[in-house]
Amino acid sequence: MAAATDPMLKAAALAAGRLLGTAVDETALTNDPQYRATLAAEFDYVTPENATKWGPLEPTASNYDWTHADAIVQFARDNQMAVKGHTFLWYQQNPSWVSTSLSASELQSAIKSHIQTTMTHYQGLVRAWDVVNEAVDTETESGYKDNIFFETLGPDYIADAFRWAREADPDALLFYNEIGIERVGEKSDFAYQMLSDLLAQGVPIDGIGFQSHVSTHRYPSDTDLRANLARFAALGLRVNISEADVRDTVMPGSAEARALAQRIAYQQITAACVLEPACEGITLWGFTDEYTWLQQEGDFNPLVFTRDYQNKPAYQGVLDGLRGLLPKRGNNLLRNSDFAAGVNEWTTNAGSLSVAAASGRDGNAACVDGRSAAGDGLVQSELLNQLSDGGPFAFSAWVRADMSSELDASLLIAEQDKDPREFNIATTYADAGTWVELSGYLGLGFEATPLSVGLKVYGPAAQVQLCVADVVLQPLTVE
Ligand code: G3I
């Protein structure tokens, strides 16, 4: 049974020199002919969504159930598709016998045996493996995820896993895979340093997967995502977008507006990979809404095909992204954004505001002095009319602080019968005195009738001068 419309994704990915993949649900593969037809027609890279995780593969010690994983690998072979195995060590879906009852040496033996048995079984059939998944958690004191491996073995489990994997199959590519590191920020910084240190120790890591489970509510701008992909690539790593899906549940307005915002998000993420030379492929975390994991989270619409396999606007987003086309940006919605009219249209919620020629940049900048807290900064109010349709929007500004600082932008939102709230739309870091771009994409969701919306740029500690130039907030479109 053919896919609902002529398949175009795989050919576009091939033309872009990129792998185009999807997570594969083994039940759907077995039971749904249209799932199989669409999968074979549109993709050339498969990641078993669950079948190659430790629990499904080795439910009891040394007793393997290859059934579901073999079915996916065989389907890939029959359809000339590559396979990425997913994932050896993660905090979820481990078998019950992998528990704190194991001593450190028993757990090490279990890990080594699982990795090497599985990679031997699939030798020559699996292009790459997610060896370690989501090992970073900046909420913990160590910065590492408190999974059973870290708790029993400490962080060395990561290097050991990659070394044992390389021993098992020297030809397989070995990936580290992480969630929530698409933007430059604390978590991606920790992952970057961790991988840099491991590579410096000679640990065999070939690539990194940026999962990209995002929402139209807020996701990295193309410049932010590309800068982040590029810095990991500069470590010598292959880069993958490894689990992309886009929730649209926050957006207000019509289904069409939400579908357009979702299309733009897919376009931007896919284009970022096509425009970054070290990004070898994009894998969607499923392709039809019928089988998305996000149903578990109450979201039923994150993928590129409807439940009955009709192309969604998101499909066109992936297609445009594979052609290297970034979303278009409309007119700037902010007033006096280059400060040509001095401080007109701008205020500050503390301290003093002045405008002068921006040292190190063309044109003027607005500087705020005498700030009494990190949340104090440059403000433009009365943006409700410009932003009330919800977006999507692209924000960017050039920012400088007199001390190395985190830099942020937020929308200040007041809604009927609700407490005022600040919706962070961009975060980055800057060394003292350097101009950096602060940017992000966003879609606005309102929890009640919106009364006012303002923009604030802030971040550095109290008493640190903050300067801002070229502040832009633009609608994102496809035409
Ligand atoms: O296979 C059992 C079935 O026998 C049982 O009847 C059923 C009801 O309990 O559960 C089935 O297992 C479920 C499995 O998906 C297969 O459907 C698990 O409960 C369920 O937790 C599991 O969810 C998966 C989730 O990872 C947790 O492992 C999702 O499908 C999968 O999309 C999701 O994917 C993860 C990536 O591996 C890592 N990155 C994050 C991503 C989203 O959480």
# chains A, B, ... in the order shown; residues from 1 in each chain; ligands from 1

call {"tool": "residues_near_ligand", "arguments": {"ligand": "ligand 1", "cutoff": "10 Å", "atoms": "only C-alpha atoms and all ligand atoms", "output": "number ranges by chain"}}
result
A: 23-27, 47-53, 55-56, 86-87, 90-94, 130, 133-134, 177-180, 210-213, 242-245, 285-286, 291-297

call {"tool": "residues_around", "arguments": {"residues": "Phe305 (chain A)", "least_positions_apart": "4", "cutoff": "10 Å", "atoms": "only C-alpha atoms", "output": "list in words"}}
result
Ala4, Thr38, Gly286, Phe287, Thr288, Asp289, Glu290, Asn301, Tyr309, Gln310, Asn311, Lys312, Pro313, Ala314 and Tyr315 of chain A

call {"tool": "residues_around", "arguments": {"residues": "Ser188 (chain A)", "least_positions_apart": "4", "cutoff": "10 Å", "atoms": "only C-alpha atoms", "output": "MDAnalysis selection string"}}
result
chainID A and resid 136 138 178:184 192:194 210 228 232

call {"tool": "select_by_dssp", "arguments": {"residues": "region 334-420 of chain A", "states": "strand (DSSP E or B)", "output": "VMD selection string"}}
result
chain A and resid 347 to 348 352 to 357 364 to 369 378 to 380 393 to 401 405 to 415

call {"tool": "closest_atom_pairs", "arguments": {"of": "region 398-433 of chain A", "to": "region 375-381 of chain A", "cutoff": "12 Å", "atoms": "only C-alpha atoms", "output": "Markdown table"}}
result
| residue | atom | partner | partner_atom | distance |
| --- | --- | --- | --- | --- |
| A:Val399 | CA | A:Leu378 | CA | 10.8 |
| A:Arg400 | CA | A:Gly377 | CA | 11.9 |
| A:Ala401 | CA | A:Gly377 | CA | 11.2 |
| A:Glu406 | CA | A:Gly375 | CA | 11.1 |
| A:Leu407 | CA | A:Gly375 | CA | 10.0 |
| A:Asp408 | CA | A:Gly375 | CA | 8.9 |
| A:Ala409 | CA | A:Gly377 | CA | 9.3 |
| A:Ser410 | CA | A:Val379 | CA | 9.6 |
| A:Leu411 | CA | A:Val379 | CA | 9.5 |
| A:Leu412 | CA | A:Ser381 | CA | 8.4 |
| A:Ile413 | CA | A:Ser381 | CA | 10.0 |
| A:Ala414 | CA | A:Ser381 | CA | 11.3 |
| A:Glu422 | CA | A:Gly375 | CA | 10.2 |
| A:Asn424 | CA | A:Gly375 | CA | 11.3 |

call {"tool": "write_last_selection", "arguments": {"atoms": "C-alpha atoms", "output": "mmCIF file, in the first residue's frame"}}
result
data_model
loop_
_atom_site.group_PDB
_atom_site.id
_atom_site.type_symbol
_atom_site.label_atom_id
_atom_site.label_comp_id
_atom_site.auth_asym_id
_atom_site.auth_seq_id
_atom_site.Cartn_x
_atom_site.Cartn_y
_atom_site.Cartn_z
ATOM 1 C CA VAL A 399 24.212 42.053 24.321
ATOM 2 C CA ARG A 400 27.284 42.962 26.373
ATOM 3 C CA ALA A 401 27.918 42.877 30.125
ATOM 4 C CA GLU A 406 24.357 34.732 31.838
ATOM 5 C CA LEU A 407 22.230 36.875 29.510
ATOM 6 C CA ASP A 408 18.480 36.455 29.117
ATOM 7 C CA ALA A 409 15.426 37.775 27.344
ATOM 8 C CA SER A 410 11.859 37.283 28.513
ATOM 9 C CA LEU A 411 8.375 38.355 27.609
ATOM 10 C CA LEU A 412 6.481 40.001 30.462
ATOM 11 C CA ILE A 413 2.943 38.706 30.207
ATOM 12 C CA ALA A 414 -0.136 39.919 32.096
ATOM 13 C CA GLU A 422 7.926 36.154 32.732
ATOM 14 C CA ASN A 424 12.052 33.258 29.061
#

call {"tool": "residues_around", "arguments": {"residues": "Gln80 (chain A)", "least_positions_apart": "3", "cutoff": "12 Å", "atoms": "only C-alpha atoms", "output": "list of chain:residue names"}}
result
A:Lys10, A:Leu39, A:Ala40, A:Ala41, A:Phe43, A:Asp44, A:Tyr45, A:Val46, A:Val73, A:Gln74, A:Phe75, A:Ala76, A:Arg77, A:Val83, A:Leu125

call {"tool": "closest_residue", "arguments": {"among": "A:Val239, A:Tyr64, A:Gly21, A:Phe88", "to": "Leu284 (chain A)", "atoms": "only C-alpha atoms"}}
result
A:Gly21

call {"tool": "residues_around", "arguments": {"residues": "region 439-455 of chain A", "least_positions_apart": "5", "cutoff": "7 Å", "atoms": "only C-alpha atoms", "output": "PDB file with C-alpha atoms, in the first residue's frame"}}
result
ATOM      1  CA  THR A 216       6.704  25.511  19.283  1.00  0.00           C
ATOM      2  CA  HIS A 217       6.542  27.401  22.582  1.00  0.00           C
ATOM      3  CA  ARG A 218      10.312  27.866  22.711  1.00  0.00           C
ATOM      4  CA  TYR A 219      13.239  26.384  20.880  1.00  0.00           C
ATOM      5  CA  PRO A 220      16.682  27.489  19.812  1.00  0.00           C
ATOM      6  CA  SER A 221      17.079  29.936  16.943  1.00  0.00           C
ATOM      7  CA  ASP A 224      21.950  29.307  18.462  1.00  0.00           C
ATOM      8  CA  VAL A 250       0.937  25.736  23.846  1.00  0.00           C
ATOM      9  CA  MET A 251       0.102  27.852  20.840  1.00  0.00           C
ATOM     10  CA  PRO A 252      -3.189  29.784  20.915  1.00  0.00           C
ATOM     11  CA  VAL A 379      12.258  46.918  28.740  1.00  0.00           C
ATOM     12  CA  GLN A 380       9.884  47.671  25.873  1.00  0.00           C
ATOM     13  CA  SER A 381       6.183  47.553  26.758  1.00  0.00           C
ATOM     14  CA  GLU A 382       2.905  47.547  24.848  1.00  0.00           C
ATOM     15  CA  LEU A 383       3.642  44.694  22.475  1.00  0.00           C
ATOM     16  CA  LEU A 384       0.325  42.884  22.851  1.00  0.00           C
ATOM     17  CA  GLY A 390       0.920  33.846  19.206  1.00  0.00           C
ATOM     18  CA  GLY A 391       3.606  33.612  16.584  1.00  0.00           C
ATOM     19  CA  PRO A 392       5.891  31.945  15.769  1.00  0.00           C
ATOM     20  CA  PHE A 393       8.482  34.647  16.314  1.00  0.00           C
ATOM     21  CA  ALA A 394      12.251  34.977  16.123  1.00  0.00           C
ATOM     22  CA  PHE A 395      13.991  37.062  18.763  1.00  0.00           C
ATOM     23  CA  SER A 396      17.553  38.304  18.613  1.00  0.00           C
ATOM     24  CA  ALA A 397      19.649  41.024  20.224  1.00  0.00           C
ATOM     25  CA  SER A 410      11.859  37.283  28.513  1.00  0.00           C
ATOM     26  CA  LEU A 411       8.375  38.355  27.609  1.00  0.00           C
ATOM     27  CA  LEU A 412       6.481  40.001  30.462  1.00  0.00           C
ATOM     28  CA  ILE A 413       2.943  38.706  30.207  1.00  0.00           C
ATOM     29  CA  ALA A 414      -0.136  39.919  32.096  1.00  0.00           C
ATOM     30  CA  GLU A 415      -3.370  37.939  31.721  1.00  0.00           C
ATOM     31  CA  GLN A 416      -6.873  38.367  33.116  1.00  0.00           C
ATOM     32  CA  ILE A 425      12.664  33.244  25.295  1.00  0.00           C
ATOM     33  CA  ALA A 426      16.459  33.219  25.076  1.00  0.00           C
TER      34      ALA A 426
END

call {"tool": "closest_atom_pairs", "arguments": {"of": "region 178-216 of chain A", "to": "region 275-278 of chain A", "cutoff": "12 Å", "atoms": "only C-alpha atoms", "output": "Markdown table"}}
result
| residue | atom | partner | partner_atom | distance |
| --- | --- | --- | --- | --- |
| A:Asp206 | CA | A:Ala278 | CA | 11.4 |
| A:Gly207 | CA | A:Ala278 | CA | 9.5 |
| A:Ile208 | CA | A:Ala278 | CA | 10.5 |
| A:Gly209 | CA | A:Ala278 | CA | 11.7 |

call {"tool": "residues_around", "arguments": {"residues": "Ser354 (chain A)", "least_positions_apart": "4", "cutoff": "7 Å", "atoms": "only C-alpha atoms", "output": "PyMOL selection string"}}
result
chain A and resi 343+366-368

call {"tool": "select_by_dssp", "arguments": {"residues": "region 100-284 of chain A", "states": "alpha helix (DSSP H)", "output": "ChimeraX atom specification"}}
result
/A:104-121,148-153,156-168,186-200,222-233,255-275

call {"tool": "closest_residue", "arguments": {"among": "A:Gln123, A:Leu173, A:Ala358, A:Ser337", "to": "Val471 (chain A)", "atoms": "only C-alpha atoms"}}
result
A:Ser337

call {"tool": "closest_residue", "arguments": {"among": "A:Phe149, A:Trp164, A:Tyr157, A:Tyr429", "to": "Ser113 (chain A)", "atoms": "only C-alpha atoms"}}
result
A:Trp164

call {"tool": "residues_around", "arguments": {"residues": "Gly281 (chain A)", "least_positions_apart": "5", "cutoff": "9 Å", "atoms": "only C-alpha atoms", "output": "PyMOL selection string"}}
result
chain A and resi 13+17-21+45+239-242+270+273-274

call {"tool": "write_last_selection", "arguments": {"atoms": "C-alpha atoms", "output": "mmCIF file, in the first residue's frame"}}
result
data_model
loop_
_atom_site.group_PDB
_atom_site.id
_atom_site.type_symbol
_atom_site.label_atom_id
_atom_site.label_comp_id
_atom_site.auth_asym_id
_atom_site.auth_seq_id
_atom_site.Cartn_x
_atom_site.Cartn_y
_atom_site.Cartn_z
ATOM 1 C CA ALA A 13 17.758 13.922 2.169
ATOM 2 C CA GLY A 17 23.871 14.323 1.685
ATOM 3 C CA ARG A 18 22.028 13.579 4.896
ATOM 4 C CA LEU A 19 20.513 10.451 6.436
ATOM 5 C CA LEU A 20 16.821 10.831 7.198
ATOM 6 C CA GLY A 21 15.637 8.560 9.949
ATOM 7 C CA TYR A 45 17.746 5.300 8.635
ATOM 8 C CA VAL A 239 26.455 15.315 14.928
ATOM 9 C CA ASN A 240 22.928 13.922 14.662
ATOM 10 C CA ILE A 241 19.522 15.381 15.285
ATOM 11 C CA SER A 242 18.476 12.105 16.879
ATOM 12 C CA THR A 270 16.274 20.204 9.752
ATOM 13 C CA CYS A 273 21.544 20.056 10.327
ATOM 14 C CA VAL A 274 21.817 20.520 6.557
#

call {"tool": "atom_distance", "arguments": {"atom1": "CA of Leu476 (chain A)", "atom2": "CA of Asn344 (chain A)"}}
result
26.0 Å
